[in-house]
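What follows is a set of notes on a single structure, which appears directly below.
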Amino acid sequence: MGEIICTSPGGNDNLDYLAMHISEKKYWNIVKQKKSQREVIAVMNYKIRKISEEEVNLLQDFLYEAVFVPEGMSAPPKSIINQPELQVYITDFGKKKDDISLVAEVDKKVVGAVWVRIMNDYGHIDNETPSFAVSLYKDYRGFGIGTDLMKEMLRILKDRGYKQASLSVQKANYAVRMYQKTGFEIIDENEEEYIMLCHF
């Protein structure tokens, strides 16, 4: 998975040739982040695979990365993930049949994750509908990795016979558009959040 980018003859900091191989949005994200050509090629050659048993603890990191921080606000302390309403996403993950997780790997480093389970979370619909969580480390956002993680998980859920999947998202979160692109629709909302559902 992921796109392969040809190397540019202009040196490590020349991104001119990349525009021919990736979307405009991804190109400008690369320019904005001032990544070197080597870093760009590594990012675009990511692979998506199942999480290993030894990597499940990484979901604590990605749960924290999934906490939405509005523009201009300071990030909360990492201890925020110890709140019961967030712990439902990761406690004893992997012990239930509906617990499924995928990771995105760049240059042998896990940089993002998507995971689902049936739980009483913010986006809970019923006891037959898995709820989504997805996040990436900041330096790897904006390259389509999250979208590909979502699409692969949706494919797996459909193959396993699930009829739908849900999630909740802050209204101000830019990820709303990514979720809509992958097939999620807004079915309910409160003052701060949308509840979204994807039917298979």
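FYI, nothing fancy with the structure tokens labels: chains A, B, ... in order, residues from 1 per chain, ligands from 1 as they appear.
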
Problem set entry | Which of segment 46-199 of chain A fall in helix (DSSP H, G or I), as JSON, numbers by chain | {"A": [53, 54, 55, 58, 59, 60, 61, 62, 63, 64, 65, 66, 78, 79, 80, 81, 82, 84, 85, 86, 87, 138, 139, 140, 145, 146, 147, 148, 149, 150, 151, 152, 153, 154, 155, 156, 157, 158, 159, 175, 176, 177, 178, 179, 180, 181]}

Would you mind listing, for every residue of segment 100-153 of chain A within 8 Å of segment 46-51 of chain A, the two atoms forming the shortest contact and the distance between them in Å to one decimal, using only C-alpha atoms, sorted by chain and ascending residue number, as a Markdown table?
| residue | atom | partner | partner_atom | distance |
| --- | --- | --- | --- | --- |
| A:Ser101 | CA | A:Ile51 | CA | 5.7 |
| A:Leu102 | CA | A:Lys50 | CA | 4.4 |
| A:Val103 | CA | A:Ile51 | CA | 5.6 |
| A:Ala104 | CA | A:Ile48 | CA | 4.5 |
| A:Glu105 | CA | A:Lys47 | CA | 5.3 |
| A:Val106 | CA | A:Tyr46 | CA | 4.7 |
| A:Asp107 | CA | A:Tyr46 | CA | 7.4 |
| A:Ile145 | CA | A:Tyr46 | CA | 7.8 |
| A:Leu149 | CA | A:Ile48 | CA | 6.9 |

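For the set A:Gly183, A:Leu59, A:Arg160, A:Ile81, the residue with the smallest atom-to-atom gap to Ala133 of chain A is A:Leu59, counting only C-alpha atoms.
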
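If you look at atom CA of Ala172 of chain A and atom CA of Val114 of chain A, they are 20.5 Å away from each other.
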
Exercise. Excluding same-chain residues fewer than 3 positions from Ser166 of chain A, what lies within 6 Å of it counting only C-alpha atoms, as a count of residues only?
Worked result: 4

Exercise. Distance atom CA of Val67 of chain A-atom CA of Trp115 of chain A, one decimal place?
Worked result: 14.6 Å

Exercise. How many Å separate atom CA of Gln83 of chain A from atom CA of Tyr122 of chain A?
Worked result: 13.2 Å

Exercise. Contacts of Gln87 of chain A at 10 Å or less, counting only C-alpha atoms, minus same-chain residues fewer than 6 places along, as a ChimeraX atom specification?
Worked result: /A:60,63,80-81,121

Kindly save the residues from that selection, with all heavy atoms included, as a JSON list (two decimals), in the first residue's frame.
[["chain", "number", "residue", "atom", "x", "y", "z"],
["A", 60, "GLN", "N", -1.90, 2.96, 23.33],
["A", 60, "GLN", "CA", -1.96, 4.05, 24.32],
["A", 60, "GLN", "C", -1.45, 5.35, 23.70],
["A", 60, "GLN", "O", -2.05, 6.41, 23.90],
["A", 60, "GLN", "CB", -1.10, 3.69, 25.53],
["A", 60, "GLN", "CG", -1.60, 2.49, 26.32],
["A", 60, "GLN", "CD", -0.73, 2.24, 27.53],
["A", 60, "GLN", "OE1", -0.70, 3.05, 28.46],
["A", 60, "GLN", "NE2", -0.02, 1.12, 27.53],
["A", 63, "LEU", "N", -3.99, 6.51, 21.10],
["A", 63, "LEU", "CA", -5.19, 7.05, 21.74],
["A", 63, "LEU", "C", -4.95, 8.51, 22.14],
["A", 63, "LEU", "O", -5.80, 9.37, 21.92],
["A", 63, "LEU", "CB", -5.57, 6.22, 22.97],
["A", 63, "LEU", "CG", -6.80, 6.69, 23.75],
["A", 63, "LEU", "CD1", -8.04, 6.68, 22.87],
["A", 63, "LEU", "CD2", -7.02, 5.82, 24.98],
["A", 80, "ILE", "N", -4.54, 12.15, 30.41],
["A", 80, "ILE", "CA", -5.95, 12.25, 30.04],
["A", 80, "ILE", "C", -6.50, 10.91, 29.56],
["A", 80, "ILE", "O", -7.67, 10.61, 29.72],
["A", 80, "ILE", "CB", -6.17, 13.34, 28.96],
["A", 80, "ILE", "CG1", -7.67, 13.65, 28.83],
["A", 80, "ILE", "CG2", -5.56, 12.94, 27.63],
["A", 80, "ILE", "CD1", -7.97, 14.83, 27.90],
["A", 81, "ILE", "N", -5.62, 10.07, 28.98],
["A", 81, "ILE", "CA", -6.11, 8.79, 28.45],
["A", 81, "ILE", "C", -6.49, 7.81, 29.56],
["A", 81, "ILE", "O", -7.08, 6.76, 29.28],
["A", 81, "ILE", "CB", -5.10, 8.13, 27.50],
["A", 81, "ILE", "CG1", -3.85, 7.63, 28.25],
["A", 81, "ILE", "CG2", -4.74, 9.06, 26.35],
["A", 81, "ILE", "CD1", -2.96, 6.74, 27.43],
["A", 121, "ASP", "N", -18.72, 3.56, 23.74],
["A", 121, "ASP", "CA", -17.94, 4.79, 23.60],
["A", 121, "ASP", "C", -18.83, 5.92, 23.12],
["A", 121, "ASP", "O", -20.05, 5.78, 23.04],
["A", 121, "ASP", "CB", -16.77, 4.56, 22.63],
["A", 121, "ASP", "CG", -17.26, 4.39, 21.20],
["A", 121, "ASP", "OD1", -18.35, 3.80, 21.01],
["A", 121, "ASP", "OD2", -16.57, 4.85, 20.28]]

Show which residues sit within 8 Å of Phe62 of chain A, as a short mmCIF file (atom, residue, chain, number, x, y, z; two decimals) with all heavy atoms, in the first residue's frame. Count only C-alpha atoms, and ignore same-chain residues fewer than 5 positions away.
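To be explicit, this is the file written out as around-v6.cif:
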data_model
loop_
_atom_site.label_atom_id
_atom_site.label_comp_id
_atom_site.auth_asym_id
_atom_site.auth_seq_id
_atom_site.Cartn_x
_atom_site.Cartn_y
_atom_site.Cartn_z
N GLY A 112 1.20 5.04 12.73
CA GLY A 112 -0.23 5.28 12.84
C GLY A 112 -0.96 3.98 13.10
O GLY A 112 -0.41 2.89 12.90
N ALA A 113 -2.20 4.11 13.56
CA ALA A 113 -2.99 2.91 13.84
C ALA A 113 -4.47 3.21 13.67
O ALA A 113 -4.93 4.34 13.85
CB ALA A 113 -2.73 2.41 15.26
N VAL A 134 -8.78 6.10 15.12
CA VAL A 134 -7.66 6.17 14.18
C VAL A 134 -6.81 7.39 14.50
O VAL A 134 -7.34 8.44 14.85
CB VAL A 134 -8.16 6.21 12.71
CG1 VAL A 134 -9.03 7.43 12.45
CG2 VAL A 134 -6.99 6.16 11.72
N SER A 135 -5.51 7.24 14.42
CA SER A 135 -4.63 8.40 14.59
C SER A 135 -3.24 8.10 14.04
O SER A 135 -2.87 6.93 13.86
CB SER A 135 -4.54 8.82 16.07
OG SER A 135 -3.79 7.89 16.81
N LEU A 136 -2.51 9.18 13.81
CA LEU A 136 -1.13 9.09 13.36
C LEU A 136 -0.29 10.10 14.13
O LEU A 136 -0.81 11.09 14.63
CB LEU A 136 -1.00 9.40 11.86
CG LEU A 136 -1.64 8.42 10.90
CD1 LEU A 136 -2.96 8.96 10.39
CD2 LEU A 136 -0.71 8.15 9.74
N TYR A 137 1.01 9.83 14.20
CA TYR A 137 1.89 10.85 14.74
C TYR A 137 1.84 12.08 13.84
O TYR A 137 1.66 11.96 12.62
CB TYR A 137 3.32 10.32 14.83
CG TYR A 137 3.50 9.21 15.85
CD1 TYR A 137 4.16 8.03 15.53
CD2 TYR A 137 3.01 9.35 17.16
CE1 TYR A 137 4.33 7.01 16.47
CE2 TYR A 137 3.17 8.34 18.09
CZ TYR A 137 3.82 7.17 17.75
OH TYR A 137 3.98 6.17 18.67
#

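Counting only C-alpha atoms, Val69 of chain A has the following residues at most 10 Å away, ignoring those fewer than 4 positions along the same chain: A:Glu65, A:Met73, A:Ser74, A:Ala75, A:Pro76, A:Gln170, A:Ala172, A:Asn173.
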